[in-house]
file coords_20.cif (mmCIF, C-alpha atoms)
data_final
loop_
_atom_site.label_atom_id
_atom_site.label_comp_id
_atom_site.auth_asym_id
_atom_site.auth_seq_id
_atom_site.Cartn_x
_atom_site.Cartn_y
_atom_site.Cartn_z
CA MET A 1 107.40 76.78 105.22
CA LYS A 2 104.60 74.36 106.02
CA ASN A 3 101.17 75.83 105.44
CA GLY A 4 98.25 74.39 107.37
CA LEU A 5 100.30 72.94 110.22
CA VAL A 6 98.21 71.13 112.78
CA MET A 7 98.65 72.62 116.22
CA ASP A 8 100.96 69.94 117.67
CA GLU A 9 103.32 70.35 114.70
CA ARG A 10 103.17 74.10 115.09
CA ILE A 11 104.53 73.87 118.62
CA GLU A 12 107.35 71.68 117.40
CA ASN A 13 108.21 74.21 114.68
CA LYS A 14 107.69 77.20 117.00
CA GLY A 15 106.07 79.36 114.35
CA GLU A 16 108.51 78.66 111.53
CA THR A 17 107.41 81.67 109.47
CA ILE A 18 106.18 84.86 111.16
CA GLY A 19 104.19 87.45 109.22
CA LEU A 20 103.86 91.07 110.32
CA ILE A 21 100.74 92.72 108.88
CA GLY A 22 101.28 96.44 108.42
CA GLY A 23 104.79 95.71 109.62
CA THR A 24 106.68 98.66 108.13
CA GLY A 25 106.50 100.77 111.33
CA HIS A 26 108.52 100.57 114.53
CA LEU A 27 106.69 97.52 115.92
CA GLY A 28 107.05 95.47 112.76
CA ARG A 29 110.68 96.44 112.21
CA GLY A 30 111.58 95.64 115.80
CA LEU A 31 109.87 92.27 115.86
CA ALA A 32 111.42 91.37 112.51
CA LEU A 33 114.91 92.24 113.71
CA ARG A 34 114.58 90.19 116.88
CA TRP A 35 112.63 87.16 115.61
CA ALA A 36 114.69 86.77 112.44
CA LYS A 37 117.49 85.33 114.57
CA LYS A 38 115.57 82.04 114.62
CA HIS A 39 112.69 82.38 112.16
CA LYS A 40 111.86 83.42 108.65
CA VAL A 41 110.01 86.74 108.88
CA ILE A 42 107.74 88.39 106.31
CA ILE A 43 107.02 92.11 106.60
CA GLY A 44 103.62 92.92 105.12
CA SER A 45 102.15 96.12 103.71
CA ARG A 46 99.40 97.29 101.36
CA ASP A 47 102.33 98.54 99.25
CA GLU A 48 104.49 95.51 98.46
CA GLU A 49 107.39 97.64 97.20
CA LYS A 50 107.46 99.49 100.52
CA ALA A 51 107.44 96.17 102.36
CA LYS A 52 110.39 94.94 100.31
CA ARG A 53 112.27 98.16 100.94
CA VAL A 54 111.73 97.96 104.70
CA ALA A 55 112.71 94.27 104.74
CA GLN A 56 115.99 95.22 103.07
CA GLU A 57 116.54 98.04 105.59
CA VAL A 58 115.98 95.68 108.53
CA THR A 59 118.31 93.10 106.98
CA GLU A 60 121.02 95.73 106.54
CA LYS A 61 120.58 96.88 110.13
CA ALA A 62 120.93 93.30 111.37
CA ILE A 63 124.17 92.90 109.40
CA LYS A 64 125.47 96.22 110.72
CA GLU A 65 124.65 95.14 114.29
CA GLY A 66 126.49 91.86 113.76
CA LEU A 67 123.40 89.68 114.07
CA SER A 68 123.08 86.26 112.46
CA ILE A 69 119.58 86.10 111.03
CA SER A 70 117.34 84.00 108.84
CA THR A 71 115.42 85.47 105.89
CA ILE A 72 113.47 88.75 106.10
CA GLU A 73 111.15 89.30 103.14
CA GLY A 74 108.67 91.98 102.15
CA LYS A 75 105.30 91.09 100.64
CA SER A 76 101.79 92.43 100.28
CA ASN A 77 99.55 91.86 103.30
CA ASP A 78 97.57 89.09 101.59
CA LYS A 79 100.71 87.16 100.63
CA THR A 80 102.13 87.71 104.10
CA ILE A 81 99.10 86.04 105.65
CA GLU A 82 99.08 83.22 103.12
CA PHE A 83 102.71 82.23 103.64
CA SER A 84 102.94 82.67 107.43
CA ASP A 85 102.22 80.30 110.30
CA VAL A 86 102.03 83.06 112.92
CA VAL A 87 100.58 86.46 111.93
CA VAL A 88 101.01 89.62 114.02
CA PHE A 89 98.69 92.60 113.57
CA CYS A 90 100.93 95.71 113.58
CA VAL A 91 98.02 98.04 112.79
CA ASP A 92 95.41 99.87 114.85
CA PHE A 93 91.92 98.56 115.61
CA GLU A 94 89.89 100.09 112.76
CA PRO A 95 92.51 99.32 110.06
CA ALA A 96 92.65 95.74 111.37
CA LEU A 97 88.90 95.32 110.93
CA GLU A 98 89.03 96.90 107.48
CA LEU A 99 91.81 94.53 106.47
CA LEU A 100 89.77 91.54 107.64
CA LYS A 101 86.85 92.52 105.41
CA THR A 102 88.92 91.67 102.34
CA LEU A 103 91.55 89.23 103.64
CA LYS A 104 89.61 87.11 106.13
CA GLU A 105 89.72 84.01 103.94
CA LYS A 106 93.53 84.15 103.77
CA PHE A 107 93.56 83.17 107.45
CA SER A 108 93.19 79.43 107.06
CA GLY A 109 94.75 76.18 108.20
CA GLY A 110 94.73 76.88 111.93
CA LYS A 111 97.04 79.89 111.82
CA ILE A 112 97.97 81.72 115.01
CA VAL A 113 97.19 85.45 115.15
CA ILE A 114 98.91 87.69 117.70
CA SER A 115 96.90 90.81 118.50
CA PRO A 116 98.58 93.72 120.31
CA VAL A 117 95.67 95.88 119.17
CA VAL A 118 94.22 98.39 121.62
CA ASN A 119 91.18 100.47 120.62
CA LEU A 120 91.49 103.85 122.36
CA LYS A 121 89.39 106.99 122.45
CA LYS A 122 90.09 110.37 124.01
CA ARG A 123 87.79 111.92 126.58
CA ASP A 124 88.65 115.21 128.32
CA ASN A 125 92.22 114.83 127.06
CA TYR A 126 92.62 111.35 128.57
CA PHE A 127 93.03 108.07 126.70
CA LEU A 128 90.42 105.42 127.49
CA PRO A 129 89.88 101.92 126.07
CA ASP A 130 86.89 101.80 123.74
CA LEU A 131 85.58 98.27 124.22
CA LYS A 132 83.09 97.47 121.46
CA GLY A 133 80.12 95.78 123.09
CA GLY A 134 82.22 95.52 126.24
CA LYS A 135 84.60 93.11 124.48
CA PRO A 136 88.40 93.33 124.35
CA SER A 137 89.83 94.23 120.95
CA ALA A 138 91.34 90.77 120.49
CA VAL A 139 87.93 89.13 120.99
CA VAL A 140 86.39 91.41 118.34
CA ILE A 141 89.21 90.48 115.96
CA LYS A 142 88.69 86.79 116.69
CA GLU A 143 84.98 87.13 115.87
CA ASN A 144 85.96 88.47 112.45
CA LEU A 145 88.27 85.54 111.64
CA PRO A 146 87.53 81.96 110.54
CA GLN A 147 86.72 79.69 113.47
CA GLU A 148 89.85 77.56 113.07
CA VAL A 149 92.19 80.55 113.58
CA HIS A 150 93.76 80.82 117.04
CA VAL A 151 93.99 84.36 118.46
CA VAL A 152 96.42 85.29 121.23
CA SER A 153 96.64 88.81 122.67
CA ALA A 154 100.05 90.21 123.70
CA LEU A 155 102.62 93.02 123.24
CA HIS A 156 100.25 95.81 124.30
CA THR A 157 102.67 97.64 126.60
CA LEU A 158 105.98 97.01 124.81
CA PRO A 159 107.41 100.33 123.50
CA ALA A 160 107.68 99.82 119.75
CA GLY A 161 110.48 102.36 119.40
CA LYS A 162 112.72 100.43 121.79
CA LEU A 163 112.31 97.16 119.90
CA TYR A 164 114.20 98.21 116.79
CA SER A 165 117.64 97.60 118.24
CA ALA A 166 120.00 94.68 118.78
CA ASP A 167 120.40 95.65 122.44
CA PRO A 168 118.59 93.61 125.13
CA LEU A 169 115.46 95.29 126.46
CA PRO A 170 115.56 96.48 130.09
CA GLY A 171 113.29 93.87 131.65
CA TYR A 172 109.92 94.96 130.26
CA SER A 173 106.99 92.68 131.14
CA VAL A 174 104.70 91.29 128.46
CA ILE A 175 101.36 89.74 129.41
CA VAL A 176 99.87 87.07 127.14
CA TYR A 177 96.18 86.16 126.90
CA GLY A 178 94.72 83.18 125.10
CA GLU A 179 94.02 79.51 125.32
CA GLY A 180 95.80 76.19 124.95
CA LYS A 181 98.71 75.37 122.72
CA ALA A 182 98.48 78.58 120.67
CA LYS A 183 99.27 80.58 123.79
CA GLU A 184 102.22 78.26 124.50
CA VAL A 185 103.61 78.98 121.03
CA VAL A 186 103.34 82.74 121.53
CA ILE A 187 104.91 82.61 124.99
CA SER A 188 107.79 80.61 123.52
CA LEU A 189 108.26 83.17 120.72
CA LEU A 190 108.22 86.10 123.12
CA ARG A 191 110.80 84.48 125.38
CA GLU A 192 113.21 84.59 122.46
CA ILE A 193 113.27 88.40 122.79
CA GLU A 194 116.13 89.18 125.13
CA GLY A 195 115.29 91.43 128.04
CA ILE A 196 111.57 90.88 128.54
CA GLY A 197 109.63 88.89 131.10
CA VAL A 198 106.61 86.97 129.83
CA PHE A 199 103.54 86.38 131.99
CA ASP A 200 100.38 84.34 131.38
CA GLY A 201 97.47 86.72 131.88
CA GLY A 202 94.62 84.23 131.45
CA THR A 203 92.04 83.85 128.72
CA LEU A 204 91.46 86.10 125.72
CA GLU A 205 88.26 87.44 127.28
CA VAL A 206 90.21 89.25 130.04
CA SER A 207 92.77 90.87 127.74
CA PHE A 208 90.98 94.19 128.36
CA PHE A 209 93.17 94.44 131.49
CA SER A 210 96.17 95.23 129.29
CA GLU A 211 94.13 97.68 127.23
CA TYR A 212 93.47 99.66 130.41
CA VAL A 213 97.16 99.48 131.38
CA THR A 214 98.11 100.76 127.92
CA ALA A 215 95.76 103.73 128.34
CA LEU A 216 97.25 104.41 131.78
CA LEU A 217 100.81 104.42 130.42
CA LEU A 218 99.87 106.79 127.60
CA ASN A 219 98.18 109.17 130.04
CA LEU A 220 101.19 109.09 132.39
CA ALA A 221 103.51 109.78 129.46
CA ARG A 222 101.45 112.79 128.36
CA ILE A 223 101.02 114.30 131.81
CA ASN A 224 104.66 113.83 132.83
CA LYS A 225 106.15 114.60 129.39
CA LEU A 226 107.75 111.17 129.12
CA LYS A 227 108.01 108.65 126.30
CA ASP A 228 108.32 104.89 125.85
CA LEU A 229 106.75 104.01 129.20
CA SER A 230 106.22 100.31 129.81
CA LEU A 231 105.37 97.73 132.44
CA LYS A 232 107.84 95.86 134.65
CA ILE A 233 106.60 93.22 137.05
CA TYR A 234 108.89 92.25 139.95
#
call {"tool": "encode", "arguments": {"input": "coords_20.cif", "output": "structure tokens"}}
result
Amino acid sequence: MKNGLVMDERIENKGETIGLIGGTGHLGRGLALRWAKKHKVIIGSRDEEKAKRVAQEVTEKAIKEGLSISTIEGKSNDKTIEFSDVVVFCVDFEPALELLKTLKEKFSGGKIVISPVVNLKKRDNYFLPDLKGGKPSAVVIKENLPQEVHVVSALHTLPAGKLYSADPLPGYSVIVYGEGKAKEVVISLLREIEGIGVFDGGTLEVSFFSEYVTALLLNLARINKLKDLSLKIY
């Protein structure tokens, strides 16, 4: 683990240690299982004992599935941020902002943050993106982080429940928003997940496109009594 990597070194190391904030749910477990093939992964939680327990469960699942993995650890959220090069928010919008009120200073040394966060509200039984000040959720998160932190938005439409398996995914498409070398790092990480297509969606400021697509998929799932809908670009 090399804290405070400069960005060129970070590309070379491809996000050596990946931290999953609030990572004890389906999204965190699935990403841990798949990224641990090549990276050290830390599952974070407010409850460190729970994080350790989930890390052990994911490790045991990997062994059962016959996967060769690196280390999966469980730590408190603050330690997860401190010891990770790439940090993924696996929590909703409001909990993410609450977390940043107390842990903002842990995000130092040019870390990369991946935000799959979508802020939704319900109106007349339909999900709609709730863009604060007209800004995408990832932009709001970036504004609440130190300036040297690099935020990339991705993973909005990937069904979390389908991730927690050793099987290849069925060609889901993931759109990535951000700038420069940080976005290159995230695209490289995502391409390690077998069975997804990765697309560059432009800058962070237009990541609201995927927030609207997420709302659409949730509405389609509710109306048609379906689950785990996703996006597939041909």
call {"tool": "resolve_selection", "arguments": {"input": "coords_20.cif", "expression": "the PyMOL selection byres ((chain A and resi 51) around 12)", "output": "PDB file with C-alpha atoms, in the coordinates of the input"}}
result
ATOM      1  CA  GLY A  19     104.190  87.450 109.220  1.00  0.00           C
ATOM      2  CA  LEU A  20     103.860  91.070 110.320  1.00  0.00           C
ATOM      3  CA  ILE A  21     100.740  92.720 108.880  1.00  0.00           C
ATOM      4  CA  GLY A  22     101.280  96.440 108.420  1.00  0.00           C
ATOM      5  CA  GLY A  23     104.790  95.710 109.620  1.00  0.00           C
ATOM      6  CA  THR A  24     106.680  98.660 108.130  1.00  0.00           C
ATOM      7  CA  GLY A  25     106.500 100.770 111.330  1.00  0.00           C
ATOM      8  CA  GLY A  28     107.050  95.470 112.760  1.00  0.00           C
ATOM      9  CA  ARG A  29     110.680  96.440 112.210  1.00  0.00           C
ATOM     10  CA  ALA A  32     111.420  91.370 112.510  1.00  0.00           C
ATOM     11  CA  VAL A  41     110.010  86.740 108.880  1.00  0.00           C
ATOM     12  CA  ILE A  42     107.740  88.390 106.310  1.00  0.00           C
ATOM     13  CA  ILE A  43     107.020  92.110 106.600  1.00  0.00           C
ATOM     14  CA  GLY A  44     103.620  92.920 105.120  1.00  0.00           C
ATOM     15  CA  SER A  45     102.150  96.120 103.710  1.00  0.00           C
ATOM     16  CA  ARG A  46      99.400  97.290 101.360  1.00  0.00           C
ATOM     17  CA  ASP A  47     102.330  98.540  99.250  1.00  0.00           C
ATOM     18  CA  GLU A  48     104.490  95.510  98.460  1.00  0.00           C
ATOM     19  CA  GLU A  49     107.390  97.640  97.200  1.00  0.00           C
ATOM     20  CA  LYS A  50     107.460  99.490 100.520  1.00  0.00           C
ATOM     21  CA  LYS A  52     110.390  94.940 100.310  1.00  0.00           C
ATOM     22  CA  ARG A  53     112.270  98.160 100.940  1.00  0.00           C
ATOM     23  CA  VAL A  54     111.730  97.960 104.700  1.00  0.00           C
ATOM     24  CA  ALA A  55     112.710  94.270 104.740  1.00  0.00           C
ATOM     25  CA  GLN A  56     115.990  95.220 103.070  1.00  0.00           C
ATOM     26  CA  GLU A  57     116.540  98.040 105.590  1.00  0.00           C
ATOM     27  CA  VAL A  58     115.980  95.680 108.530  1.00  0.00           C
ATOM     28  CA  ILE A  72     113.470  88.750 106.100  1.00  0.00           C
ATOM     29  CA  GLU A  73     111.150  89.300 103.140  1.00  0.00           C
ATOM     30  CA  GLY A  74     108.670  91.980 102.150  1.00  0.00           C
ATOM     31  CA  LYS A  75     105.300  91.090 100.640  1.00  0.00           C
ATOM     32  CA  SER A  76     101.790  92.430 100.280  1.00  0.00           C
ATOM     33  CA  ASN A  77      99.550  91.860 103.300  1.00  0.00           C
ATOM     34  CA  LYS A  79     100.710  87.160 100.630  1.00  0.00           C
ATOM     35  CA  THR A  80     102.130  87.710 104.100  1.00  0.00           C
TER      36      THR A  80
END
call {"tool": "residues_near_point", "arguments": {"input": "coords_20.cif", "point": "(92.4, 84.4, 114.2)", "cutoff": "10 Å", "atoms": "only C-alpha atoms", "output": "list in words"}}
result
Val86, Val87, Lys104, Phe107, Ser108, Gly110, Lys111, Ile112, Val113, Ile114, Ser115, Ala138, Val139, Ile141, Lys142, Glu143, Asn144, Leu145, Pro146, Gln147, Glu148, Val149, His150, Val151 and Val152 of chain A
call {"tool": "resolve_selection", "arguments": {"input": "coords_20.cif", "expression": "the PyMOL selection byres ((chain A and resi 165) around 12)", "output": "NGL selection string"}}
result
:A and (26-27 or 29-35 or 58 or 61-67 or 159-164 or 166-169 or 193-195)
call {"tool": "write_last_selection", "arguments": {"input": "coords_20.cif", "atoms": "C-alpha atoms", "output": "short mmCIF file (atom, residue, chain, number, x, y, z; two decimals), keeping the file's coordinate frame"}}
result
data_model
loop_
_atom_site.label_atom_id
_atom_site.label_comp_id
_atom_site.auth_asym_id
_atom_site.auth_seq_id
_atom_site.Cartn_x
_atom_site.Cartn_y
_atom_site.Cartn_z
CA HIS A 26 108.52 100.57 114.53
CA LEU A 27 106.69 97.52 115.92
CA ARG A 29 110.68 96.44 112.21
CA GLY A 30 111.58 95.64 115.80
CA LEU A 31 109.87 92.27 115.86
CA ALA A 32 111.42 91.37 112.51
CA LEU A 33 114.91 92.24 113.71
CA ARG A 34 114.58 90.19 116.88
CA TRP A 35 112.63 87.16 115.61
CA VAL A 58 115.98 95.68 108.53
CA LYS A 61 120.58 96.88 110.13
CA ALA A 62 120.93 93.30 111.37
CA ILE A 63 124.17 92.90 109.40
CA LYS A 64 125.47 96.22 110.72
CA GLU A 65 124.65 95.14 114.29
CA GLY A 66 126.49 91.86 113.76
CA LEU A 67 123.40 89.68 114.07
CA PRO A 159 107.41 100.33 123.50
CA ALA A 160 107.68 99.82 119.75
CA GLY A 161 110.48 102.36 119.40
CA LYS A 162 112.72 100.43 121.79
CA LEU A 163 112.31 97.16 119.90
CA TYR A 164 114.20 98.21 116.79
CA ALA A 166 120.00 94.68 118.78
CA ASP A 167 120.40 95.65 122.44
CA PRO A 168 118.59 93.61 125.13
CA LEU A 169 115.46 95.29 126.46
CA ILE A 193 113.27 88.40 122.79
CA GLU A 194 116.13 89.18 125.13
CA GLY A 195 115.29 91.43 128.04
#
call {"tool": "resolve_selection", "arguments": {"input": "coords_20.cif", "expression": "the PyMOL selection byres ((chain A and resi 83) around 8)", "output": "list in words"}}
result
Met1, Asn3, Thr17, Gly19, Lys79, Thr80, Ile81, Glu82, Ser84 and Asp85 of chain A
call {"tool": "atom_distance", "arguments": {"input": "coords_20.cif", "atom1": "atom CA of A:Leu103", "atom2": "atom CA of A:Val174"}}
result
28.2 Å
call {"tool": "decode", "arguments": {"input": "coords_20.cif", "residues": "stretch 37-72 of chain A", "atoms": "N, CA and C atoms", "output": "short mmCIF file (atom, residue, chain, number, x, y, z; two decimals), in the first residue's frame"}}
result
data_model
loop_
_atom_site.label_atom_id
_atom_site.label_comp_id
_atom_site.auth_asym_id
_atom_site.auth_seq_id
_atom_site.Cartn_x
_atom_site.Cartn_y
_atom_site.Cartn_z
N LYS A 37 -9.51 -10.27 -7.07
CA LYS A 37 -8.70 -11.14 -7.91
C LYS A 37 -7.35 -10.50 -8.21
N LYS A 38 -7.32 -9.16 -8.25
CA LYS A 38 -6.08 -8.46 -8.62
C LYS A 38 -5.66 -7.39 -7.62
N HIS A 39 -6.51 -7.09 -6.64
CA HIS A 39 -6.24 -5.96 -5.75
C HIS A 39 -6.54 -6.32 -4.31
N LYS A 40 -5.87 -5.65 -3.40
CA LYS A 40 -6.26 -5.69 -2.01
C LYS A 40 -7.53 -4.86 -1.86
N VAL A 41 -8.52 -5.40 -1.15
CA VAL A 41 -9.80 -4.72 -0.98
C VAL A 41 -10.10 -4.58 0.50
N ILE A 42 -10.58 -3.39 0.88
CA ILE A 42 -11.00 -3.15 2.26
C ILE A 42 -12.49 -2.84 2.26
N ILE A 43 -13.26 -3.62 3.01
CA ILE A 43 -14.69 -3.37 3.18
C ILE A 43 -14.86 -2.50 4.42
N GLY A 44 -15.51 -1.35 4.23
CA GLY A 44 -15.69 -0.41 5.32
C GLY A 44 -17.10 -0.40 5.87
N SER A 45 -17.22 -0.04 7.15
CA SER A 45 -18.53 0.09 7.80
C SER A 45 -18.37 0.98 9.03
N ARG A 46 -19.48 1.56 9.49
CA ARG A 46 -19.45 2.27 10.78
C ARG A 46 -19.13 1.28 11.91
N ASP A 47 -19.53 0.03 11.72
CA ASP A 47 -19.30 -1.03 12.69
C ASP A 47 -18.14 -1.91 12.18
N GLU A 48 -16.97 -1.71 12.74
CA GLU A 48 -15.79 -2.42 12.23
C GLU A 48 -15.93 -3.94 12.36
N GLU A 49 -16.56 -4.40 13.43
CA GLU A 49 -16.74 -5.85 13.59
C GLU A 49 -17.61 -6.42 12.48
N LYS A 50 -18.65 -5.69 12.10
CA LYS A 50 -19.49 -6.12 10.98
C LYS A 50 -18.68 -6.17 9.69
N ALA A 51 -17.84 -5.17 9.48
CA ALA A 51 -17.01 -5.13 8.28
C ALA A 51 -16.07 -6.33 8.23
N LYS A 52 -15.49 -6.67 9.37
CA LYS A 52 -14.59 -7.83 9.42
C LYS A 52 -15.35 -9.12 9.14
N ARG A 53 -16.54 -9.20 9.68
CA ARG A 53 -17.36 -10.40 9.47
C ARG A 53 -17.73 -10.56 7.99
N VAL A 54 -18.12 -9.47 7.35
CA VAL A 54 -18.48 -9.53 5.94
C VAL A 54 -17.26 -9.84 5.08
N ALA A 55 -16.11 -9.26 5.42
CA ALA A 55 -14.88 -9.55 4.68
C ALA A 55 -14.56 -11.03 4.74
N GLN A 56 -14.76 -11.64 5.91
CA GLN A 56 -14.52 -13.08 6.04
C GLN A 56 -15.52 -13.88 5.21
N GLU A 57 -16.78 -13.44 5.19
CA GLU A 57 -17.81 -14.12 4.39
C GLU A 57 -17.48 -14.06 2.90
N VAL A 58 -17.03 -12.90 2.43
CA VAL A 58 -16.68 -12.76 1.01
C VAL A 58 -15.46 -13.62 0.68
N THR A 59 -14.49 -13.64 1.58
CA THR A 59 -13.30 -14.48 1.38
C THR A 59 -13.69 -15.95 1.28
N GLU A 60 -14.57 -16.39 2.16
CA GLU A 60 -15.01 -17.79 2.14
C GLU A 60 -15.78 -18.10 0.87
N LYS A 61 -16.57 -17.16 0.40
CA LYS A 61 -17.31 -17.37 -0.86
C LYS A 61 -16.33 -17.49 -2.03
N ALA A 62 -15.31 -16.65 -2.04
CA ALA A 62 -14.31 -16.71 -3.11
C ALA A 62 -13.62 -18.08 -3.13
N ILE A 63 -13.28 -18.58 -1.94
CA ILE A 63 -12.63 -19.90 -1.85
C ILE A 63 -13.58 -20.99 -2.35
N LYS A 64 -14.84 -20.90 -1.93
CA LYS A 64 -15.83 -21.88 -2.35
C LYS A 64 -16.03 -21.86 -3.86
N GLU A 65 -15.95 -20.67 -4.46
CA GLU A 65 -16.14 -20.53 -5.91
C GLU A 65 -14.87 -20.85 -6.68
N GLY A 66 -13.79 -21.17 -5.97
CA GLY A 66 -12.55 -21.53 -6.64
C GLY A 66 -11.77 -20.35 -7.19
N LEU A 67 -11.98 -19.16 -6.61
CA LEU A 67 -11.29 -17.97 -7.08
C LEU A 67 -9.96 -17.79 -6.36
N SER A 68 -8.98 -17.32 -7.10
CA SER A 68 -7.69 -16.94 -6.50
C SER A 68 -7.74 -15.44 -6.25
N ILE A 69 -7.66 -15.05 -4.98
CA ILE A 69 -7.84 -13.64 -4.66
C ILE A 69 -6.69 -13.11 -3.81
N SER A 70 -6.61 -11.79 -3.75
CA SER A 70 -5.69 -11.11 -2.86
C SER A 70 -6.36 -11.01 -1.49
N THR A 71 -5.99 -10.03 -0.71
CA THR A 71 -6.53 -9.87 0.65
C THR A 71 -7.83 -9.09 0.64
N ILE A 72 -8.82 -9.55 1.43
CA ILE A 72 -10.04 -8.79 1.70
C ILE A 72 -10.10 -8.55 3.20
#
